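Structure file run_38.txt (compact mmCIF, C-alpha atoms and all ligand atoms) is printed below.
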```txt
# COMPACT_ATOMS: atom_id res chain seq x y z
CA MET A 1 -11.05 15.43 -9.44
CA ILE A 2 -7.52 14.96 -8.15
CA ASP A 3 -8.66 15.28 -4.53
CA GLN A 4 -10.44 11.99 -5.11
CA TYR A 5 -7.11 10.52 -6.11
CA GLY A 6 -5.41 11.52 -2.88
CA TRP A 7 -4.03 14.98 -3.72
CA SER A 8 -2.90 16.65 -0.49
CA GLU A 9 -1.51 19.91 0.82
CA ARG A 10 1.89 18.29 1.10
CA LEU A 11 1.85 17.33 -2.56
CA GLN A 12 0.57 20.79 -3.42
CA ARG A 13 3.60 22.34 -1.71
CA GLN A 14 5.97 20.01 -3.54
CA PHE A 15 4.21 20.91 -6.76
CA GLU A 16 4.61 24.68 -6.45
CA PRO A 17 7.69 25.02 -8.71
CA TYR A 18 5.93 23.02 -11.43
CA ALA A 19 2.73 25.04 -11.07
CA ALA A 20 4.85 28.16 -11.67
CA ASP A 21 5.88 26.60 -15.01
CA GLY A 22 2.23 26.10 -16.01
CA LEU A 23 2.26 22.34 -15.44
CA LEU A 24 -0.62 20.31 -14.02
CA PRO A 25 -0.49 17.50 -11.48
CA GLY A 26 -1.56 14.09 -12.78
CA ARG A 27 -1.68 10.73 -11.02
CA VAL A 28 -0.84 7.60 -13.01
CA ILE A 29 -3.91 5.36 -13.30
CA VAL A 30 -2.39 3.04 -15.90
CA GLN A 31 1.10 2.56 -17.18
CA GLN A 32 1.60 0.43 -20.25
CA ARG A 33 4.71 0.27 -22.37
CA GLY A 34 5.55 3.96 -22.15
CA LEU A 35 1.92 5.06 -22.46
CA TYR A 36 0.18 6.53 -19.46
CA ARG A 37 -3.28 7.41 -18.35
CA LEU A 38 -3.40 10.27 -15.85
CA ALA A 39 -6.04 11.69 -13.53
CA THR A 40 -5.60 15.48 -13.76
CA PRO A 41 -7.63 18.54 -12.72
CA LEU A 42 -8.87 18.60 -16.34
CA GLY A 43 -10.08 15.00 -16.17
CA GLU A 44 -8.42 11.87 -17.48
CA VAL A 45 -5.81 12.26 -20.19
CA SER A 46 -3.47 9.98 -22.10
CA ALA A 47 0.15 10.91 -21.68
CA GLU A 48 3.67 10.17 -22.78
CA LEU A 49 7.04 11.02 -21.32
CA SER A 50 8.38 14.26 -22.74
CA GLY A 51 11.62 14.05 -24.71
CA ARG A 52 13.38 16.09 -22.07
CA PHE A 53 12.25 13.74 -19.30
CA LEU A 54 13.29 10.65 -21.29
CA HIS A 55 16.68 12.21 -21.81
CA ALA A 56 17.24 13.18 -18.19
CA ALA A 57 15.65 10.31 -16.23
CA ALA A 58 17.06 6.88 -15.47
CA PRO A 59 14.62 4.03 -16.25
CA GLY A 60 14.05 3.56 -12.50
CA GLU A 61 12.71 7.10 -12.39
CA HIS A 62 10.05 6.53 -15.01
CA PRO A 63 6.58 6.93 -13.54
CA VAL A 64 4.70 3.85 -12.35
CA ALA A 65 1.12 3.27 -11.26
CA GLY A 66 0.23 5.55 -8.36
CA ASP A 67 2.92 8.12 -9.15
CA TRP A 68 2.16 11.83 -9.11
CA THR A 69 3.55 13.57 -12.18
CA ALA A 70 3.85 17.12 -13.46
CA CYS A 71 2.48 17.24 -16.98
CA LEU A 72 1.83 19.73 -19.75
CA PRO A 73 -1.53 19.30 -21.49
CA ARG A 74 -1.48 19.62 -25.27
CA PRO A 75 -3.87 22.42 -26.25
CA GLY A 76 -7.13 21.10 -27.69
CA GLU A 77 -6.28 17.46 -27.06
CA ALA A 78 -7.02 15.08 -24.20
CA ARG A 79 -3.30 14.34 -24.16
CA ALA A 80 -0.36 15.51 -22.11
CA ASP A 81 3.39 15.25 -21.84
CA ILE A 82 4.92 14.14 -18.57
CA ARG A 83 7.73 16.46 -17.51
CA ALA A 84 8.55 15.29 -13.98
CA VAL A 85 7.71 12.84 -11.21
CA LEU A 86 7.06 14.16 -7.69
CA PRO A 87 9.08 12.74 -4.78
CA ARG A 88 7.83 9.25 -4.01
CA GLU A 89 6.45 7.92 -0.77
CA GLY A 90 4.99 4.50 -0.07
CA LEU A 91 7.18 3.13 -2.82
CA PHE A 92 7.26 -0.55 -3.67
CA GLN A 93 10.28 -1.76 -5.58
CA ARG A 94 11.65 -5.04 -6.84
CA LYS A 95 15.05 -6.19 -7.90
CA ASP A 96 15.55 -6.16 -11.65
CA PRO A 97 17.55 -8.75 -13.57
CA LEU A 98 20.52 -6.38 -13.82
CA GLY A 99 20.85 -6.13 -10.06
CA GLY A 100 19.24 -2.71 -9.76
CA VAL A 101 15.86 -1.88 -8.35
CA GLN A 102 12.71 -1.10 -10.25
CA ALA A 103 9.76 0.90 -8.96
CA VAL A 104 6.51 -1.03 -9.03
CA ALA A 105 3.97 1.22 -7.30
CA ALA A 106 4.15 4.63 -5.63
CA HIS A 107 2.24 6.66 -3.05
CA VAL A 108 0.81 3.61 -1.33
CA ASP A 109 -0.61 4.42 2.11
CA VAL A 110 -1.78 1.00 3.23
CA ALA A 111 -0.39 -2.44 2.39
CA LEU A 112 -2.91 -5.22 2.95
CA LEU A 113 -0.95 -8.40 3.54
CA VAL A 114 -3.30 -11.14 2.51
CA ALA A 115 -2.99 -14.71 3.80
CA SER A 116 -5.50 -17.52 3.96
CA LEU A 117 -6.78 -19.06 7.19
CA ASN A 118 -6.88 -22.49 5.60
CA ALA A 119 -4.24 -25.17 6.03
CA ASP A 120 -1.23 -23.41 4.53
CA LEU A 121 -1.04 -20.23 6.60
CA ASN A 122 2.67 -19.56 6.64
CA LEU A 123 3.93 -17.11 9.27
CA ARG A 124 7.43 -16.89 7.81
CA ARG A 125 6.04 -15.82 4.47
CA LEU A 126 3.80 -13.29 6.16
CA GLU A 127 6.83 -11.88 7.91
CA ARG A 128 8.51 -11.28 4.55
CA TYR A 129 5.49 -9.47 3.19
CA LEU A 130 5.51 -7.41 6.35
CA ALA A 131 9.15 -6.57 5.73
CA LEU A 132 8.28 -5.44 2.20
CA ALA A 133 5.55 -3.20 3.56
CA TRP A 134 7.75 -1.56 6.21
CA GLN A 135 10.44 -1.04 3.62
CA SER A 136 8.00 0.85 1.40
CA GLY A 137 6.86 3.21 4.13
CA ALA A 138 3.22 2.14 3.77
CA GLN A 139 1.24 1.14 6.86
CA PRO A 140 0.82 -2.65 6.91
CA ALA A 141 -2.34 -4.49 7.92
CA VAL A 142 -2.87 -8.25 7.78
CA VAL A 143 -6.04 -9.62 6.21
CA LEU A 144 -6.67 -13.29 6.93
CA THR A 145 -9.10 -14.65 4.36
CA LYS A 146 -11.40 -17.68 4.17
CA ALA A 147 -12.46 -17.42 7.81
CA ASP A 148 -15.46 -19.53 6.83
CA LEU A 149 -13.14 -22.50 6.27
CA CYS A 150 -11.35 -22.18 9.59
CA PRO A 151 -12.48 -23.74 12.88
CA ASN A 152 -10.02 -21.80 15.09
CA VAL A 153 -9.98 -18.25 13.75
CA GLU A 154 -9.20 -16.78 17.16
CA ASP A 155 -6.07 -18.89 17.76
CA LEU A 156 -4.64 -18.05 14.35
CA VAL A 157 -5.40 -14.36 14.73
CA LEU A 158 -3.48 -14.34 18.01
CA ALA A 159 -0.57 -16.23 16.45
CA VAL A 160 -0.44 -13.76 13.56
CA GLU A 161 -0.71 -10.77 15.88
CA SER A 162 2.41 -11.82 17.70
CA THR A 163 4.29 -12.31 14.41
CA ALA A 164 3.04 -9.27 12.53
CA VAL A 165 4.67 -6.60 14.67
CA GLY A 166 2.92 -3.27 14.42
CA ALA A 167 0.20 -4.40 12.04
CA GLU A 168 -3.49 -4.74 12.79
CA VAL A 169 -4.88 -8.17 11.98
CA PHE A 170 -8.30 -8.78 10.45
CA ALA A 171 -10.14 -12.02 9.75
CA VAL A 172 -12.54 -11.95 6.81
CA SER A 173 -14.63 -14.16 4.64
CA ALA A 174 -15.06 -12.53 1.27
CA LEU A 175 -17.48 -15.32 0.45
CA GLU A 176 -19.77 -14.47 3.37
CA GLY A 177 -19.06 -10.74 3.35
CA GLU A 178 -17.84 -11.15 6.92
CA GLY A 179 -15.26 -8.69 8.30
CA LEU A 180 -15.13 -6.63 5.11
CA ASP A 181 -16.29 -3.38 6.71
CA ALA A 182 -13.19 -3.31 8.90
CA VAL A 183 -11.03 -3.68 5.77
CA ARG A 184 -13.01 -0.96 4.00
CA ALA A 185 -12.38 1.32 6.96
CA LEU A 186 -8.63 1.05 6.27
CA LEU A 187 -9.21 2.79 2.94
CA PRO A 188 -11.11 6.02 3.56
CA PRO A 189 -11.42 8.59 0.74
CA GLY A 190 -8.09 9.54 -0.82
CA ARG A 191 -6.08 6.72 0.74
CA THR A 192 -4.36 4.21 -1.51
CA GLY A 193 -4.04 0.52 -0.70
CA VAL A 194 -2.34 -2.45 -2.28
CA LEU A 195 -2.79 -6.17 -1.76
CA LEU A 196 0.22 -8.38 -1.22
CA GLY A 197 0.03 -12.14 -0.89
CA SER A 198 0.69 -15.48 -2.49
CA SER A 199 -1.38 -16.81 -5.32
CA GLY A 200 -4.63 -18.46 -4.26
CA VAL A 201 -5.05 -16.71 -0.92
CA GLY A 202 -8.08 -14.79 -2.19
CA LYS A 203 -6.76 -11.41 -3.38
CA SER A 204 -8.96 -11.21 -6.48
CA THR A 205 -12.00 -12.30 -4.52
CA LEU A 206 -11.25 -9.62 -1.93
CA VAL A 207 -10.74 -6.92 -4.59
CA ASN A 208 -14.06 -7.83 -6.17
CA ALA A 209 -15.80 -7.78 -2.80
CA LEU A 210 -14.36 -4.32 -2.05
CA LEU A 211 -15.36 -3.05 -5.48
CA GLY A 212 -18.87 -4.48 -5.21
CA GLU A 213 -21.21 -3.14 -7.86
CA ALA A 214 -18.68 -0.61 -9.09
CA ARG A 215 -16.51 -3.33 -10.61
CA MET A 216 -17.52 -3.21 -14.24
CA ALA A 217 -18.02 0.54 -14.27
CA THR A 218 -14.65 1.50 -12.88
CA ARG A 219 -12.16 -1.11 -13.88
CA GLU A 220 -11.93 -0.71 -17.61
CA ILE A 221 -10.96 2.10 -19.92
CA ARG A 222 -11.87 2.13 -23.58
CA GLU A 223 -9.42 3.99 -25.67
CA ASP A 224 -8.74 4.59 -29.34
CA ASP A 225 -5.27 3.51 -30.29
CA ALA A 226 -3.21 5.12 -33.07
CA ARG A 227 -5.08 3.17 -35.76
CA GLY A 228 -8.47 4.16 -34.41
CA ARG A 229 -9.24 0.75 -32.94
CA HIS A 230 -10.89 0.42 -29.59
CA THR A 231 -8.68 -1.19 -27.04
CA THR A 232 -9.65 -2.03 -23.52
CA THR A 233 -7.14 -1.72 -20.75
CA HIS A 234 -7.48 -2.48 -17.10
CA ARG A 235 -7.21 0.36 -14.72
CA GLU A 236 -4.40 -0.18 -12.29
CA LEU A 237 -5.53 2.45 -9.81
CA VAL A 238 -9.19 1.94 -9.02
CA LEU A 239 -11.59 4.15 -7.04
CA LEU A 240 -13.53 2.11 -4.49
CA PRO A 241 -17.21 2.87 -3.82
CA GLY A 242 -16.26 4.26 -0.38
CA GLY A 243 -13.77 6.72 -1.89
CA GLY A 244 -10.55 4.83 -1.14
CA LEU A 245 -8.20 3.71 -3.89
CA LEU A 246 -6.84 0.29 -4.71
CA LEU A 247 -3.69 -0.17 -6.71
CA ASP A 248 -3.69 -3.53 -8.44
CA THR A 249 -1.03 -4.19 -11.08
CA PRO A 250 0.63 -7.30 -12.48
CA GLY A 251 3.95 -6.02 -11.10
CA MET A 252 2.48 -5.68 -7.64
CA ARG A 253 1.12 -9.22 -7.84
CA GLU A 254 4.53 -10.57 -8.79
CA LEU A 255 6.15 -8.76 -5.91
CA GLY A 256 5.14 -11.62 -3.65
CA LEU A 257 7.47 -13.89 -5.57
CA TRP A 258 10.42 -11.76 -4.67
CA ASP A 259 11.99 -13.07 -1.54
CA ALA A 260 12.40 -10.13 0.85
CA ASP A 261 14.20 -12.48 3.17
CA GLU A 262 15.29 -9.95 5.76
CA GLY A 263 13.80 -9.59 9.18
CA VAL A 264 11.89 -6.41 9.94
CA SER A 265 14.76 -5.00 11.97
CA ALA A 266 17.44 -5.82 9.39
CA ILE A 267 15.65 -3.47 7.03
CA PHE A 268 16.46 -0.53 9.26
CA ALA A 269 19.99 -1.59 10.20
CA ASP A 270 21.44 1.51 8.47
CA VAL A 271 19.05 3.82 10.32
CA GLU A 272 19.90 2.21 13.64
CA ALA A 273 23.60 2.52 12.91
CA LEU A 274 23.09 6.24 12.29
CA ALA A 275 21.12 6.69 15.50
CA GLY A 276 24.01 5.03 17.34
CA GLN A 277 26.30 7.88 16.21
CA CYS A 278 24.33 10.69 17.89
CA ARG A 279 26.22 12.59 20.59
CA PHE A 280 23.64 11.75 23.28
CA SER A 281 22.71 8.13 23.76
CA ASP A 282 19.09 9.11 24.53
CA CYS A 283 18.87 11.46 21.54
CA SER A 284 15.27 11.97 20.39
CA HIS A 285 16.57 13.01 16.94
CA GLU A 286 14.54 16.18 17.05
CA ARG A 287 16.72 19.15 17.93
CA GLU A 288 19.63 17.90 20.01
CA PRO A 289 23.13 19.06 19.02
CA GLY A 290 25.30 16.41 17.40
CA CYS A 291 22.33 14.41 16.11
CA ALA A 292 23.63 12.12 13.34
CA VAL A 293 20.11 11.37 12.12
CA ARG A 294 19.12 15.01 11.55
CA ALA A 295 22.46 15.63 9.86
CA ALA A 296 21.93 12.70 7.52
CA LEU A 297 18.39 13.90 6.73
CA GLU A 298 19.69 17.38 5.93
CA ARG A 299 22.48 16.02 3.72
CA GLY A 300 19.93 13.83 1.96
CA ALA A 301 21.91 10.75 2.99
CA LEU A 302 18.85 9.41 4.80
CA ASP A 303 15.53 9.40 2.99
CA GLU A 304 12.82 11.36 4.82
CA GLY A 305 10.17 8.74 4.04
CA ARG A 306 12.31 5.90 5.33
CA TRP A 307 12.96 7.83 8.51
CA ARG A 308 9.24 8.43 9.07
CA SER A 309 8.62 4.76 8.46
CA TYR A 310 11.24 3.83 11.04
CA VAL A 311 9.76 6.20 13.62
CA LYS A 312 6.33 4.72 12.94
CA LEU A 313 7.63 1.20 13.50
CA GLN A 314 9.28 2.24 16.78
CA ARG A 315 6.00 3.68 17.96
CA GLU A 316 4.20 0.47 17.05
CA LEU A 317 6.79 -1.55 18.92
CA ALA A 318 6.36 0.60 22.00
CA TRP A 319 2.64 0.08 21.76
CA LEU A 320 3.19 -3.65 21.48
CA ASP A 321 5.34 -3.61 24.62
CA ARG A 322 2.57 -1.92 26.53
CA ARG A 323 0.18 -4.45 25.12
CA ASP A 324 2.42 -7.18 26.48
CA ASP A 325 1.39 -6.29 29.98
CA PRO A 326 -1.01 -8.97 31.23
CA LEU A 327 -4.04 -6.73 31.67
CA ALA A 328 -3.83 -5.31 28.18
CA ARG A 329 -3.38 -8.80 26.77
CA GLN A 330 -6.41 -10.03 28.64
CA GLU A 331 -8.41 -7.21 27.16
CA GLN A 332 -7.24 -8.11 23.64
CA ARG A 333 -8.20 -11.70 24.26
CA ARG A 334 -11.61 -10.73 25.56
CA ILE A 335 -12.29 -8.64 22.46
CA TRP A 336 -11.27 -11.45 20.17
CA THR A 337 -13.19 -14.13 22.05
CA HIS A 338 -16.23 -11.93 21.69
CA ARG A 339 -15.65 -11.38 17.99
CA THR A 340 -15.06 -15.02 17.15
CA LYS A 341 -18.07 -16.10 19.23
CA ALA A 342 -20.22 -13.68 17.31
CA PHE A 343 -18.75 -14.94 14.07
CA ARG A 344 -19.38 -18.60 14.98
CA ALA A 345 -22.93 -17.78 16.01
CA HIS A 346 -23.39 -16.14 12.65
CA LEU A 347 -22.11 -19.24 10.85
CA LYS A 348 -24.42 -21.51 12.88
CA GLN A 349 -27.37 -19.29 12.07
CA ARG A 350 -26.44 -19.40 8.42
CA ASP A 351 -26.31 -23.20 8.44
CA ARG A 352 -29.72 -23.30 10.10
CA ASP A 353 -31.11 -20.95 7.45
CA ARG A 354 -30.00 -23.21 4.65
P1 LIG B 1 -5.73 -14.87 -5.62
O1 LIG B 1 -4.88 -15.79 -6.44
O2 LIG B 1 -5.02 -14.45 -4.38
O3 LIG B 1 -6.30 -13.72 -6.37
O4 LIG B 1 -6.98 -15.78 -5.08
P2 LIG B 1 -8.48 -15.85 -5.63
O5 LIG B 1 -9.23 -14.63 -5.24
O6 LIG B 1 -8.48 -16.21 -7.07
O7 LIG B 1 -9.07 -17.03 -4.73
C1 LIG B 1 -8.57 -18.37 -4.78
C2 LIG B 1 -9.67 -19.33 -4.37
O8 LIG B 1 -10.09 -19.11 -3.03
C3 LIG B 1 -10.93 -19.18 -5.23
O9 LIG B 1 -11.44 -20.46 -5.52
C4 LIG B 1 -11.87 -18.41 -4.33
O10 LIG B 1 -13.22 -18.70 -4.60
C5 LIG B 1 -11.49 -18.92 -2.96
N1 LIG B 1 -11.80 -17.92 -1.93
C6 LIG B 1 -11.45 -16.61 -1.89
N2 LIG B 1 -11.93 -16.00 -0.78
C7 LIG B 1 -12.61 -16.93 -0.09
C8 LIG B 1 -13.33 -16.93 1.17
O11 LIG B 1 -13.45 -15.92 1.88
N3 LIG B 1 -13.87 -18.11 1.57
C9 LIG B 1 -13.77 -19.25 0.81
N4 LIG B 1 -14.35 -20.37 1.28
N5 LIG B 1 -13.10 -19.28 -0.35
C10 LIG B 1 -12.52 -18.15 -0.81
ZN ZN B 2 19.92 11.91 17.16
```
I'd like the structure from this file rewritten - as C-alpha cells, please.
Amino acid sequence: MIDQYGWSERLQRQFEPYAADGLLPGRVIVQQRGLYRLATPLGEVSAELSGRFLHAAAPGEHPVAGDWTACLPRPGEARADIRAVLPREGLFQRKDPLGGVQAVAAHVDVALLVASLNADLNLRRLERYLALAWQSGAQPAVVLTKADLCPNVEDLVLAVESTAVGAEVFAVSALEGEGLDAVRALLPPGRTGVLLGSSGVGKSTLVNALLGEARMATREIREDDARGRHTTTHRELVLLPGGGLLLDTPGMRELGLWDADEGVSAIFADVEALAGQCRFSDCSHEREPGCAVRAALERGALDEGRWRSYVKLQRELAWLDRRDDPLARQEQRRIWTHRTKAFRAHLKQRDRDR
C-alpha cells in the first residue's frame, strides 16, 4: 500500500525511531483545514494532528500534501493521530503574508514546468519556474503544450532547451495525445510529480490526459463528516494509471503567481560561497581535509537536500557544456528534426483523414 505511494528504504531508515514507538508511516493525500487523509500500511485513514504535535510544531512544520508522517492509529477506528513529520525533500514553499515561508507540497521528485507553444511562450517566466524547481530539490522537466497549434515546434524547443538549463524539454499536444508517453515516462511507479505553470497553459488538460480513464475513480473521496453527511473532497495526491503520482493542490497552482525572480545561480549563492571557503580550491567536497561544505553539512548549517540539488545542477551544467560541442549539438538537432518531421507528418495525415 505505501510502496505505491513512494515509500523507500531511505524513508524506512528515517522512520526507525518512530517504528520503535509503535507508530505507522502515512503519506498525506489530502490536507484540509487541519484534517488529513493518509495512505498508511493499514489503508487510508482520516487523521488529525496530535495535541503534542500541535504544541511543539511551528505552523510551517504542519504536514502538507505529499508529506510523510508518523501516526498512531486509534484502535477500532479508521482514524489516526499525527505525531511527527519526516524530514522533507522536494519541498515547495511560498512566502506567507507575514514574511515567513509556508510549505506547499513535499516529497516531490519531478517538477513539470508547463508552458504553451502558442503565441505567449515566455522564456523569462519559464526561467522563474525553473528556479522554483531547483530550489525545491525536485528534478525539473519542461513540458511545452499545444504543439498542434504551433508551426515551428522545433525552433521553440531549441530556444527553450538553451534557457532551461539542466531540464529535459518535451513538446506535447494533450488534445492529440501526442508526446504524452514521454511525459508519462517521467513518472514511473512511486515517483511524485507536480505541474507548475501559468493559468491557461493546459495544466488541467494535461492532468486529465495523464489520468485517462482513472480520473473519476481516483480523484474523489467520499467521507462522512462529523454530522454524518457525505462530503466529497478532491484528492491532492493522485495515483496515475502507470503507477506514478501527481500532486495537484490549489496551493501548488498558486505558486506560479509567486515571483521567484532570482536566476538559477543566485539560488545557490550561499552554497557557492561555502564551497569557496574550502582549503583546496579544487575540493570535491567528499573527504578532503578543511572542506567547508562537509563541515556545514555536519553542523546542519547546510541542508542535505539542498546540497544534493546543487550537485545535481552542477552535473547537468557539465553535461550541457559537453553538449555545446558542435558534434553533440548536431546530433541533438538531428534528433529533433526527425521528431518534428514525424510529428508534422502525423498532423498532415490527420488532416487528410478528416
Ligand atoms: P490550465 O489553466 O493550465 O489548467 O489550462 P487548461 O487545461 O484549462 O487549458 C486551457 C485551454 O487550452 C483550454 O481551452 C484547453 O482546451 C486548451 N488546451 C489545453 N491543451 C491543449 C492542446 O494540447 N492543444 C490545444 N489546441 N489546446 C489545448
Ligand atoms: Zn570542500
Worksheet item: Which one is closest to ligand LIG 1 (chain B): A:Gly243, A:Gly190, A:Gly179, A:Gly300? Count all atoms listed in the file.
Response: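 Using all atoms listed in the file, ligand LIG 1 (chain B) sits closest to A:Gly179.
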Item to complete: Could you give me the residues within 10 Å of ligand LIG 1 (chain B), counting all atoms listed in the file, as a PyMOL selection string?
Response: chain A and resi 114-118+144-150+171-180+195-209+253
Wanna dump the chain A-ligand ZN 2 (chain B) contacts at 10 Å for me, each residue with its shortest atom pair and the distance in Å to one decimal, counting all atoms listed in the file, ordered by chain and number, as a Markdown table?
```
| residue | atom | partner | partner_atom | distance |
| --- | --- | --- | --- | --- |
| A:Leu274 | CA | B:ZN2 | ZN | 8.1 |
| A:Ala275 | CA | B:ZN2 | ZN | 5.6 |
| A:Gly276 | CA | B:ZN2 | ZN | 8.0 |
| A:Gln277 | CA | B:ZN2 | ZN | 7.6 |
| A:Cys278 | CA | B:ZN2 | ZN | 4.6 |
| A:Arg279 | CA | B:ZN2 | ZN | 7.2 |
| A:Phe280 | CA | B:ZN2 | ZN | 7.2 |
| A:Ser281 | CA | B:ZN2 | ZN | 8.1 |
| A:Asp282 | CA | B:ZN2 | ZN | 7.9 |
| A:Cys283 | CA | B:ZN2 | ZN | 4.5 |
| A:Ser284 | CA | B:ZN2 | ZN | 5.7 |
| A:His285 | CA | B:ZN2 | ZN | 3.5 |
| A:Glu286 | CA | B:ZN2 | ZN | 6.9 |
| A:Arg287 | CA | B:ZN2 | ZN | 8.0 |
| A:Glu288 | CA | B:ZN2 | ZN | 6.6 |
| A:Pro289 | CA | B:ZN2 | ZN | 8.1 |
| A:Gly290 | CA | B:ZN2 | ZN | 7.0 |
| A:Cys291 | CA | B:ZN2 | ZN | 3.6 |
| A:Ala292 | CA | B:ZN2 | ZN | 5.3 |
| A:Val293 | CA | B:ZN2 | ZN | 5.1 |
| A:Arg294 | CA | B:ZN2 | ZN | 6.5 |
| A:Ala295 | CA | B:ZN2 | ZN | 8.6 |
| A:Ala296 | CA | B:ZN2 | ZN | 9.9 |
```
Discussion item. Could you list, as a PyMOL selection string, every residue within 6 Å of A:Thr192, counting all atoms listed in the file and ignoring same-chain residues fewer than 6 positions away?
Written reply: chain A and resi 108-109+245-246
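Our summary of the geometry notes that atom CA of A:Ile2 is positioned 7.8 Å from atom CA of A:Arg27.
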Item to complete: Calculate how many Å separate atom CA of A:Gly242 from atom CA of A:Val194, rounding to one decimal.
Response: 15.6 Å
Worksheet item: Neighbours of A:Arg37 within 9 Å (all atoms listed in the file; same-chain residues fewer than 4 positions away dropped), as a list in words?
Response: Gly26, Arg27, Val28, Ile29, Val30, Gln31, Gln32, Glu44, Val45, Ser46, Ala47, Glu48 and Arg235 of chain A
Since the input is missing atoms for stretch 248-254 of chain A, could you rebuild it with all heavy atoms and give the result as a PDB file, in the coordinates of the input?
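Listing of selection_32.pdb after writing:
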```pdb
ATOM      1  N   ASP A 248      -3.745  -2.105  -8.147  1.00  0.00           N
ATOM      2  CA  ASP A 248      -3.690  -3.530  -8.440  1.00  0.00           C
ATOM      3  C   ASP A 248      -3.036  -3.719  -9.813  1.00  0.00           C
ATOM      4  O   ASP A 248      -3.679  -3.533 -10.831  1.00  0.00           O
ATOM      5  CB  ASP A 248      -5.123  -4.090  -8.426  1.00  0.00           C
ATOM      6  CG  ASP A 248      -5.148  -5.592  -8.576  1.00  0.00           C
ATOM      7  OD1 ASP A 248      -4.101  -6.237  -8.379  1.00  0.00           O
ATOM      8  OD2 ASP A 248      -6.225  -6.129  -8.901  1.00  0.00           O
ATOM      9  N   THR A 249      -1.744  -4.046  -9.804  1.00  0.00           N
ATOM     10  CA  THR A 249      -1.030  -4.190 -11.080  1.00  0.00           C
ATOM     11  C   THR A 249      -0.370  -5.561 -11.141  1.00  0.00           C
ATOM     12  O   THR A 249      -0.113  -6.179 -10.117  1.00  0.00           O
ATOM     13  CB  THR A 249       0.100  -3.150 -11.219  1.00  0.00           C
ATOM     14  OG1 THR A 249       1.170  -3.511 -10.320  1.00  0.00           O
ATOM     15  CG2 THR A 249      -0.372  -1.754 -10.876  1.00  0.00           C
ATOM     16  N   PRO A 250      -0.074  -6.017 -12.366  1.00  0.00           N
ATOM     17  CA  PRO A 250       0.630  -7.300 -12.480  1.00  0.00           C
ATOM     18  C   PRO A 250       1.964  -7.262 -11.725  1.00  0.00           C
ATOM     19  O   PRO A 250       2.317  -8.227 -11.049  1.00  0.00           O
ATOM     20  CB  PRO A 250       0.879  -7.424 -13.993  1.00  0.00           C
ATOM     21  CG  PRO A 250      -0.109  -6.518 -14.631  1.00  0.00           C
ATOM     22  CD  PRO A 250      -0.387  -5.409 -13.665  1.00  0.00           C
ATOM     23  N   GLY A 251       2.666  -6.144 -11.795  1.00  0.00           N
ATOM     24  CA  GLY A 251       3.950  -6.020 -11.100  1.00  0.00           C
ATOM     25  C   GLY A 251       3.802  -6.198  -9.602  1.00  0.00           C
ATOM     26  O   GLY A 251       4.594  -6.858  -8.948  1.00  0.00           O
ATOM     27  N   MET A 252       2.752  -5.595  -9.067  1.00  0.00           N
ATOM     28  CA  MET A 252       2.480  -5.680  -7.640  1.00  0.00           C
ATOM     29  C   MET A 252       2.188  -7.130  -7.258  1.00  0.00           C
ATOM     30  O   MET A 252       2.585  -7.604  -6.204  1.00  0.00           O
ATOM     31  CB  MET A 252       1.261  -4.799  -7.352  1.00  0.00           C
ATOM     32  CG  MET A 252       1.274  -4.041  -6.059  1.00  0.00           C
ATOM     33  SD  MET A 252       2.780  -3.259  -5.592  1.00  0.00           S
ATOM     34  CE  MET A 252       2.815  -3.724  -3.879  1.00  0.00           C
ATOM     35  N   ARG A 253       1.459  -7.820  -8.128  1.00  0.00           N
ATOM     36  CA  ARG A 253       1.120  -9.220  -7.840  1.00  0.00           C
ATOM     37  C   ARG A 253       2.358 -10.096  -7.852  1.00  0.00           C
ATOM     38  O   ARG A 253       2.427 -11.076  -7.122  1.00  0.00           O
ATOM     39  CB  ARG A 253       0.120  -9.727  -8.877  1.00  0.00           C
ATOM     40  CG  ARG A 253      -1.175  -8.988  -8.759  1.00  0.00           C
ATOM     41  CD  ARG A 253      -2.343  -9.857  -9.089  1.00  0.00           C
ATOM     42  NE  ARG A 253      -3.543  -9.221  -8.591  1.00  0.00           N
ATOM     43  CZ  ARG A 253      -4.680  -9.852  -8.399  1.00  0.00           C
ATOM     44  NH1 ARG A 253      -4.765 -11.132  -8.668  1.00  0.00           N
ATOM     45  NH2 ARG A 253      -5.711  -9.200  -7.939  1.00  0.00           N
ATOM     46  N   GLU A 254       3.303  -9.754  -8.713  1.00  0.00           N
ATOM     47  CA  GLU A 254       4.530 -10.570  -8.790  1.00  0.00           C
ATOM     48  C   GLU A 254       5.465 -10.290  -7.627  1.00  0.00           C
ATOM     49  O   GLU A 254       6.339 -11.090  -7.327  1.00  0.00           O
ATOM     50  CB  GLU A 254       5.270 -10.284 -10.093  1.00  0.00           C
ATOM     51  CG  GLU A 254       4.649 -10.968 -11.288  1.00  0.00           C
ATOM     52  CD  GLU A 254       5.088 -10.313 -12.585  1.00  0.00           C
ATOM     53  OE1 GLU A 254       6.168  -9.696 -12.598  1.00  0.00           O
ATOM     54  OE2 GLU A 254       4.320 -10.400 -13.557  1.00  0.00           O
TER      55      GLU A 254
END
```
